[in-house]
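**Student:** Got a file for you: protein30.cif, mmCIF, C-alpha atoms.
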data_model
loop_
_atom_site.label_atom_id
_atom_site.label_comp_id
_atom_site.auth_asym_id
_atom_site.auth_seq_id
_atom_site.Cartn_x
_atom_site.Cartn_y
_atom_site.Cartn_z
CA ASP A 1 83.07 38.14 67.65
CA GLN A 2 83.87 34.66 68.99
CA LYS A 3 80.93 33.14 67.09
CA ASN A 4 82.38 34.11 63.70
CA ARG A 5 85.54 32.42 62.51
CA VAL A 6 87.59 33.02 59.37
CA TYR A 7 90.55 30.89 58.24
CA TRP A 8 92.79 31.64 55.27
CA ILE A 9 95.82 29.65 54.11
CA THR A 10 97.85 30.38 51.00
CA ALA A 11 101.01 28.78 49.61
CA PHE A 12 103.34 28.46 46.62
CA ASP A 13 104.43 24.88 45.94
CA ASP A 14 107.22 23.64 43.68
CA LYS A 15 105.54 20.23 43.45
CA LYS A 16 102.02 19.11 44.22
CA ALA A 17 100.18 15.81 44.12
CA TYR A 18 97.76 15.61 41.18
CA LEU A 19 94.98 13.12 41.83
CA ILE A 20 92.09 11.99 39.63
CA GLY A 21 89.50 9.90 41.44
CA GLY A 22 87.69 7.02 39.77
CA GLU A 23 84.98 4.46 40.38
CA ASN A 24 87.43 1.63 41.10
CA GLN A 25 90.77 3.33 41.60
CA SER A 26 92.50 6.69 41.39
CA GLU A 27 95.29 7.98 39.17
CA PHE A 28 98.13 9.84 40.86
CA ALA A 29 101.03 11.96 39.60
CA GLU A 30 103.46 14.54 40.91
CA GLY A 31 102.49 17.92 39.46
CA GLY A 32 104.47 21.09 38.89
CA ARG A 33 104.62 24.54 40.47
CA ASN A 34 101.35 26.06 41.60
CA PHE A 35 99.68 28.65 43.80
CA ALA A 36 96.96 27.48 46.19
CA ASN A 37 94.74 28.95 48.88
CA ILE A 38 91.95 27.88 51.24
CA LEU A 39 89.34 30.28 52.65
CA ARG A 40 86.82 29.13 55.26
CA TYR A 41 84.12 30.99 57.19
CA GLN A 42 82.17 29.48 60.08
CA ARG A 43 79.36 30.82 62.29
CA THR A 44 78.91 28.90 65.53
CA PHE A 45 75.71 28.51 67.54
CA ASP A 46 74.71 26.91 70.83
CA GLN A 47 75.30 23.20 71.55
CA GLY A 48 78.07 22.89 68.98
CA SER A 49 75.94 23.78 65.95
CA HIS A 50 77.61 25.69 63.13
CA LEU A 51 77.10 26.93 59.57
CA GLY A 52 79.77 27.95 57.08
CA PHE A 53 81.33 27.79 53.66
CA MET A 54 84.75 26.97 52.23
CA THR A 55 86.44 27.66 48.92
CA THR A 56 89.73 26.28 47.61
CA ASN A 57 91.75 27.33 44.57
CA ARG A 58 94.79 25.94 42.80
CA LEU A 59 96.40 27.68 39.81
CA LEU A 60 99.06 25.72 37.93
CA LYS A 61 102.05 27.67 36.61
CA ASP A 62 102.01 25.91 33.22
CA GLY A 63 98.24 26.19 32.77
CA GLY A 64 95.15 24.69 34.35
CA TYR A 65 93.24 25.31 37.55
CA ASP A 66 90.98 23.69 40.16
CA HIS A 67 88.31 25.55 42.15
CA THR A 68 85.86 24.27 44.77
CA LEU A 69 83.07 26.01 46.65
CA GLY A 70 81.26 24.27 49.48
CA LEU A 71 78.71 24.62 52.26
CA THR A 72 79.05 22.95 55.66
CA ALA A 73 76.49 22.75 58.46
CA GLN A 74 75.91 20.91 61.70
CA PHE A 75 72.85 21.28 63.91
CA ARG A 76 72.15 19.65 67.26
CA PHE A 77 68.60 19.46 68.56
CA LEU A 78 66.54 17.72 71.25
CA GLU A 79 69.82 17.11 73.14
CA LYS A 80 70.47 13.71 71.53
CA TYR A 81 70.25 14.39 67.79
CA THR A 82 72.74 15.80 65.29
CA THR A 83 72.48 16.46 61.56
CA ALA A 84 75.58 17.23 59.48
CA LEU A 85 75.77 18.35 55.87
CA GLU A 86 78.63 19.07 53.48
CA TRP A 87 78.04 20.07 49.84
CA ASN A 88 80.85 20.91 47.40
CA ASN A 89 81.03 21.94 43.76
CA SER A 90 84.22 21.73 41.72
CA LEU A 91 85.37 23.36 38.49
CA THR A 92 88.51 22.06 36.78
CA GLN A 93 90.55 23.14 33.78
CA GLU A 94 93.04 20.34 33.18
CA PRO A 95 96.63 21.15 32.24
CA THR A 96 98.00 19.76 29.01
CA ASN A 97 100.97 17.51 29.82
CA ASP A 98 102.03 13.90 30.36
CA TRP A 99 101.70 13.66 34.15
CA ILE A 100 98.84 11.19 33.72
CA ASP A 101 98.46 9.35 30.43
CA VAL A 102 95.72 6.74 30.86
CA PRO A 103 93.36 5.79 27.99
CA ASP A 104 90.32 5.29 30.27
CA ILE A 105 87.20 7.44 29.85
CA ILE A 106 84.85 8.50 32.66
CA ALA A 107 81.43 9.90 31.69
CA GLY A 108 82.70 11.09 28.32
CA LYS A 109 85.95 12.65 29.59
CA THR A 110 89.43 11.12 29.26
CA LEU A 111 91.78 10.60 32.20
CA THR A 112 94.64 11.90 30.08
CA LEU A 113 95.53 15.49 30.98
CA ASP A 114 94.54 17.10 27.68
CA GLY A 115 93.06 20.45 28.72
CA GLU A 116 89.44 19.38 29.24
CA LYS A 117 87.05 21.35 31.46
CA LEU A 118 85.11 19.41 34.10
CA LYS A 119 82.39 20.16 36.63
CA GLY A 120 81.51 17.97 39.60
CA ASN A 121 79.89 17.87 43.01
CA ALA A 122 80.01 15.91 46.25
CA LEU A 123 77.52 15.55 49.10
CA THR A 124 77.71 14.10 52.60
CA PHE A 125 74.69 14.00 54.91
CA GLU A 126 74.30 12.31 58.29
CA VAL A 127 71.68 12.06 61.03
CA ALA A 128 72.87 10.72 64.38
CA ARG A 129 71.42 9.97 67.80
CA ASN A 130 73.80 9.72 70.76
CA THR A 131 73.11 8.84 74.39
CA GLN A 132 75.32 7.70 77.23
CA ASN A 133 75.22 4.07 76.08
CA TRP A 134 73.59 3.97 72.64
CA ASN A 135 74.75 5.56 69.36
CA SER A 136 72.99 5.36 66.00
CA ALA A 137 73.63 7.03 62.64
CA LEU A 138 72.27 7.06 59.12
CA SER A 139 74.43 8.57 56.37
CA PHE A 140 74.46 9.22 52.64
CA GLU A 141 77.47 10.14 50.49
CA GLN A 142 77.86 10.80 46.81
CA SER A 143 80.62 12.03 44.55
CA SER A 144 79.97 12.72 40.87
CA PRO A 145 82.23 11.26 38.12
CA HIS A 146 84.09 14.53 37.44
CA TYR A 147 84.43 15.80 40.99
CA ARG A 148 87.95 16.93 41.87
CA SER A 149 89.24 18.00 45.28
CA PRO A 150 92.58 19.69 44.54
CA LEU A 151 93.60 20.48 48.12
CA GLY A 152 92.14 17.33 49.64
CA PHE A 153 91.86 13.75 48.52
CA SER A 154 88.84 12.13 46.85
CA PRO A 155 90.35 8.86 45.59
CA ARG A 156 86.99 7.37 44.52
CA THR A 157 84.24 9.13 42.60
CA ALA A 158 81.07 8.28 40.63
CA LEU A 159 79.62 6.54 43.69
CA ARG A 160 76.58 6.83 45.96
CA THR A 161 76.73 5.18 49.39
CA LEU A 162 74.06 4.65 52.03
CA GLY A 163 75.31 3.63 55.46
CA ALA A 164 73.79 2.80 58.84
CA GLU A 165 75.33 1.95 62.18
CA HIS A 166 74.17 1.16 65.69
CA SER A 167 76.36 0.63 68.72
CA TYR A 168 76.25 0.12 72.48
CA GLN A 169 78.98 1.04 74.95
CA HIS A 170 79.21 0.40 78.67
CA TYR A 171 81.77 1.46 81.28
CA PHE A 172 82.54 -0.61 84.38
CA LYS A 173 83.91 0.66 87.70
CA ASP A 174 86.52 -1.31 89.63
CA LYS A 175 86.28 -4.27 87.26
CA PHE A 176 88.86 -6.09 85.18
CA VAL A 177 86.87 -5.11 82.08
CA ARG A 178 86.76 -1.30 81.99
CA GLN A 179 84.84 -0.70 78.75
CA MET A 180 82.76 -2.83 76.38
CA ASN A 181 81.50 -1.85 72.91
CA TRP A 182 79.22 -3.70 70.46
CA GLU A 183 78.58 -2.40 66.96
CA ILE A 184 76.68 -3.34 63.81
CA GLU A 185 77.09 -1.50 60.49
CA GLY A 186 75.60 -1.80 57.03
CA GLU A 187 76.79 -0.33 53.74
CA LEU A 188 75.21 -0.18 50.27
CA THR A 189 77.05 1.45 47.35
CA TYR A 190 75.98 2.02 43.75
CA ASN A 191 77.80 3.77 40.93
CA TYR A 192 76.21 6.53 38.85
CA TRP A 193 75.06 4.01 36.24
CA GLY A 194 73.06 1.81 38.63
CA VAL A 195 75.61 -0.97 39.21
CA ARG A 196 75.67 -2.20 42.80
CA LYS A 197 79.32 -1.94 43.80
CA LEU A 198 79.11 -3.13 47.38
CA SER A 199 76.60 -4.47 49.89
CA ALA A 200 78.02 -5.45 53.25
CA LEU A 201 77.27 -6.04 56.92
CA TYR A 202 79.85 -5.59 59.70
CA LEU A 203 79.77 -6.78 63.31
CA GLY A 204 82.33 -5.81 65.92
CA THR A 205 83.13 -5.88 69.62
CA TYR A 206 85.77 -4.01 71.59
CA LEU A 207 86.97 -4.64 75.15
CA GLU A 208 89.26 -2.42 77.21
CA MET A 209 90.65 -4.05 80.32
CA ALA A 210 92.89 -3.33 83.26
CA ALA A 211 96.67 -3.26 82.85
CA ASN A 212 96.34 -1.44 79.49
CA LEU A 213 95.04 -4.53 77.72
CA ARG A 214 92.52 -4.21 74.88
CA THR A 215 91.08 -6.37 72.13
CA ASN A 216 88.85 -6.01 69.11
CA ILE A 217 87.06 -8.71 67.09
CA SER A 218 85.24 -7.86 63.85
CA TYR A 219 83.36 -9.79 61.20
CA GLY A 220 82.40 -8.61 57.72
CA HIS A 221 79.98 -10.28 55.33
CA PHE A 222 80.15 -8.92 51.76
CA PHE A 223 76.96 -9.89 49.95
CA ASN A 224 78.61 -8.59 46.79
CA GLU A 225 81.66 -6.53 45.81
CA GLU A 226 81.94 -5.44 42.17
CA PHE A 227 85.32 -4.45 40.69
CA ARG A 228 85.82 -3.87 36.96
CA GLY A 229 83.02 -6.26 36.00
CA PHE A 230 84.08 -8.98 38.45
CA ASN A 231 81.31 -9.41 41.04
CA PRO A 232 81.85 -12.17 43.63
CA THR A 233 79.23 -12.74 46.33
CA HIS A 234 79.16 -13.80 49.98
CA LEU A 235 82.76 -13.04 50.87
CA ARG A 236 83.52 -13.24 54.58
CA GLN A 237 86.31 -11.79 56.70
CA LEU A 238 87.11 -12.26 60.38
CA SER A 239 89.79 -10.23 62.16
CA MET A 240 91.14 -9.96 65.68
CA TYR A 241 93.39 -7.39 67.35
CA ILE A 242 95.09 -7.56 70.76
CA GLY A 243 97.08 -4.69 72.24
CA TYR A 244 99.07 -4.52 75.46
CA ASN A 245 101.05 -1.60 76.89
CA PRO A 246 102.96 -2.71 80.01
CA SER A 247 104.74 0.67 80.17
CA GLU A 248 104.92 4.03 78.40
CA VAL A 249 107.83 2.88 76.21
CA LEU A 250 106.86 -0.74 75.59
CA ARG A 251 103.92 -1.80 73.42
CA PHE A 252 102.78 -5.13 72.01
CA ASN A 253 100.27 -5.38 69.14
CA PHE A 254 98.92 -8.51 67.49
CA PHE A 255 96.60 -8.60 64.48
CA VAL A 256 95.28 -11.50 62.43
CA ARG A 257 92.73 -11.65 59.63
CA LYS A 258 91.17 -14.63 57.90
CA GLY A 259 88.77 -14.64 54.98
CA LYS A 260 88.24 -14.07 51.28
CA ASN A 261 88.85 -10.94 49.22
CA ILE A 262 89.41 -9.84 45.61
CA GLY A 263 92.95 -9.83 44.24
CA TYR A 264 92.73 -6.28 42.86
CA ASN A 265 96.22 -6.35 41.32
CA LEU A 266 95.65 -9.53 39.26
CA ASP A 267 95.31 -9.37 35.47
CA ASP A 268 92.59 -12.04 35.71
CA LEU A 269 90.55 -11.02 38.72
CA ALA A 270 89.89 -13.77 41.25
CA VAL A 271 89.03 -14.31 44.91
CA GLY A 272 91.79 -15.45 47.25
CA ASN A 273 92.53 -16.00 50.90
CA SER A 274 93.63 -13.17 53.17
#
Is it possible to express this structure as structure tokens?

**Tutor:**
Amino acid sequence: DQKNRVYWITAFDDKKAYLIGGENQSEFAEGGRNFANILRYQRTFDQGSHLGFMTTNRLLKDGGYDHTLGLTAQFRFLEKYTTALEWNNSLTQEPTNDWIDVPDIIAGKTLTLDGEKLKGNALTFEVARNTQNWNSALSFEQSSPHYRSPLGFSPRTALRTLGAEHSYQHYFKDKFVRQMNWEIEGELTYNYWGVRKLSALYLGTYLEMAANLRTNISYGHFFNEEFRGFNPTHLRQLSMYIGYNPSEVLRFNFFVRKGKNIGYNLDDLAVGNS
């Protein structure tokens, strides 16, 4: 049946990346031998709609495991509208070793690998409207503090994000400018304890021209960006990209960015020029 699809991947690894996501940053280590598998089922419908589930498992040779079980769905309706949903639950039994030895605590659990059991979940939901020239989308994402994605990467957790975007694109025939895009995006992120981590507005334009010439100009206004208690406001960034491909083997790319951003690697956090 072409409308039913099943995928199964299994593997034994001598070494595997071990990642613990966090609100501000992730902790990474190289793990030991493990057995892993991915099982996915999908049922397709008309107009590109589909419904399915996926489960992943990782069993560590020296103890510990990670399991996830998720639901995925996409439905298209009224020709122009699409809704997409992804929901995952995770169950983790940490190994007991020194791969990651960090004293931080997230929602009552240590980052040190000391054999703790954790449960988490993650959700992504989007509603979009697409026409020949106009595209709009509204999205919501969340990842709980103890969510782990063993066979994927979730570098940041304990966050809830609401996003919106609206764009216009136009194609020209027999003109020097072949394609023009305008876009506006907004983003609002809170952590699980009600702290506003980020509120930002982005504006961008893209031009594709004859002779394989293209350019992109974008502007970002960060009303606030919180990082480890440091919370600067009204940061601005402007960037420009120019690309030119005179032949299949020769490419030129130019990128410049000007603005303010947090120096994340500083002991005393501060805002600097980029």

**Student:** Rank A:Glu225, A:Glu27, A:Glu183, A:Asp104 by their smallest atom-to-atom distance to Phe153 of chain A, using only C-alpha atoms, and report the top residue only.

**Tutor:** A:Glu27

**Student:** Would you mind reading off the distance between atom CA of Glu30 of chain A and atom CA of Gly70 of chain A, one decimal, in Å?

**Tutor:** 25.7 Å

**Student:** Which is closest to Leu71 of chain A among A:Ile9, A:Leu123, A:Leu118, A:Ile20, if we use all atoms listed in the file?

**Tutor:** A:Leu123

**Student:** For the file shown, what are the residues hit by the PyMOL selection byres ((chain A and resi 68) around 9), laid out as a PyMOL selection string?

**Tutor:** chain A and resi 54-57+66-67+69-70+88-92+121+148-150

**Student:** Quick one: of A:Ala128, A:Ala137, A:Val177, A:Leu198, who's nearest to Thr161 of chain A, counting only C-alpha atoms?

**Tutor:**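 That would be A:Leu198, the residue with the smallest distance to Thr161 of chain A.
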
**Student:** Would you mind reading off the distance between atom CA of Lys197 of chain A and atom CA of Asn224 of chain A, one decimal, in Å?

**Tutor:**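 So the answer is 7.3 Å.
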